[in-house]
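Below is one structure, written out as structure tokens, with a few remarks after it.
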Amino acid sequence: MRKSNPKLLVFLALMVSLLLSTPMFSQSADPAQEAFDQGLAALEKGNPAQAVEKFTQALKLEPELDGAYFNRGVAFMRLKKWPEALADFGRVLELDPENAMTYYNRGVVYSRQRQYPQAVSEYTQAMRYDRKDWRAWANRGNAFLEMGLYAEALDDYLQAAKLKPGTLEIQHNLGLAYLRVGEPEKALNQADKVLAKNPDYARAYYVRGEALEKLGRNPEAAAAYRQFLHMGNPNTDAGLLETALHRLKGVEGK
């Protein structure tokens, strides 16, 4: 069996990222290598359907090529074919049971299906084999936050922040967690840190508004909510925009 020599190519999207894997081949001409390389190139160029075809071709030539299963799983994720992705990642773990990246990506599959308890389990397994992967900590924190386990989310975000200092998404989510555990001063501090680095980070204005509201600073809270309503994305922030509007009316006494 050929083992992977992992090369991380990270694709961040709301702190849920995929990891790719590149196996080692000999320097001699190898049809499986050629098909694998074509699959990886297709994946990197944004053509997951072609990537699936090429990785499948590589697997016909080299049935235990774990990197091909892994990256075909990533391609299936891009196509939102969740059962197929999980099947390929499961095959990787049969060949390499301590592959942290695979557990991590299985966590991403479950997160994207909003199956958060399963996601937590997979991220936890990923940490078992790689305690320093900040993405696993951050994404497990996201899953805990969605489950209403705010103290657990806060702990994970704090660990992620230690491993990857200065990451805006982690700082923003720390602010949310601080709000949910009843520490608005710390939430406000996190929001201000994010906005100092990126004044266009719209969601930080929402965190700032709610923190200020909880601190009784209603005029400042109203200004922050208005800023979020002005800057928020109507597609990705629809629910939060509705909440901000409701809170704005509350702090203005309307």
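By order of appearance in the structure tokens: chains A, B, ..., then residues from 1 within every chain, and ligands from 1 in the order shown.
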
Taking only residues of segment 143-196 of chain A that have an atom at most 12 Å from an atom of segment 223-245 of chain A, what is each one's shortest atom pair and its distance in Å to one decimal, using only C-alpha atoms, in chain and number order, as a Markdown table?
| residue | atom | partner | partner_atom | distance |
| --- | --- | --- | --- | --- |
| A:Leu188 | CA | A:Ala224 | CA | 11.1 |
| A:Ala191 | CA | A:Ala224 | CA | 10.7 |
| A:Asp192 | CA | A:Ala224 | CA | 11.2 |
| A:Leu195 | CA | A:Ala224 | CA | 11.5 |

Next, write the just-selected residues to a file, as a JSON list (two decimals), in the first residue's frame, keeping N, CA and C atoms as the atom set.
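The resulting file, selection.json, is shown below:
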[["chain", "number", "residue", "atom", "x", "y", "z"],
["A", 188, "LEU", "N", -17.18, 42.47, 23.53],
["A", 188, "LEU", "CA", -16.91, 43.78, 22.93],
["A", 188, "LEU", "C", -15.44, 43.93, 22.58],
["A", 191, "ALA", "N", -14.80, 41.98, 19.38],
["A", 191, "ALA", "CA", -15.35, 42.67, 18.20],
["A", 191, "ALA", "C", -14.48, 43.85, 17.81],
["A", 192, "ASP", "N", -14.01, 44.59, 18.80],
["A", 192, "ASP", "CA", -13.17, 45.76, 18.51],
["A", 192, "ASP", "C", -11.83, 45.33, 17.91],
["A", 195, "LEU", "N", -12.53, 44.57, 14.23],
["A", 195, "LEU", "CA", -12.78, 45.77, 13.44],
["A", 195, "LEU", "C", -11.54, 46.64, 13.30]]

Using only C-alpha atoms, which residues sit within 12 Å of Leu43 of chain A once same-chain residues fewer than 3 positions away are excluded, as a PyMOL selection string?
chain A and resi 9+11+18-21+36-40+46-55+68+71-79

Please provide the set of residues having any atom within 8 Å of Trp137 of chain A, restricted to only C-alpha atoms, with same-chain residues fewer than 6 positions apart removed, written as a list in words.
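In the requested form, the answer reads Tyr123, Met127, Asp156, Tyr157, Gln159 and Ala160 of chain A.
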
For the residues in that selection, give me C-alpha atoms as a PDB file, in the first residue's frame.
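And here's out.pdb as it stands now:
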ATOM      1  CA  TYR A 123     -13.158  16.691  14.994  1.00  0.00           C
ATOM      2  CA  MET A 127      -7.414  16.124  17.484  1.00  0.00           C
ATOM      3  CA  ASP A 156     -12.239  25.409  21.729  1.00  0.00           C
ATOM      4  CA  TYR A 157     -12.022  28.913  20.272  1.00  0.00           C
ATOM      5  CA  GLN A 159      -7.348  26.904  22.000  1.00  0.00           C
ATOM      6  CA  ALA A 160      -7.690  27.684  18.283  1.00  0.00           C
TER       7      ALA A 160
END

Enter the distance from atom CA of Leu163 of chain A to atom CA of Val194 of chain A, in Å, rounded to one decimal.
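It comes out at 17.3 Å.
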
Under the rule that only C-alpha atoms are counted, which of A:His246, A:Arg91, A:Lys132, A:Arg217 is the nearest residue to Lys164 of chain A?
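Distance minimum relative to Lys164 of chain A lands on A:Lys132.
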
Between atom CA of Gly166 of chain A and atom CA of Lys197 of chain A, what is the distance, to one decimal in Å?
9.1 Å

Env of Asn198 of chain A: 12 Å cut, atoms = only C-alpha atoms, seq-sep filter 4 positions within chain, self excluded. Answer as an MDAnalysis selection string.
chainID A and resid 166:169 171:172 191:194 202:205
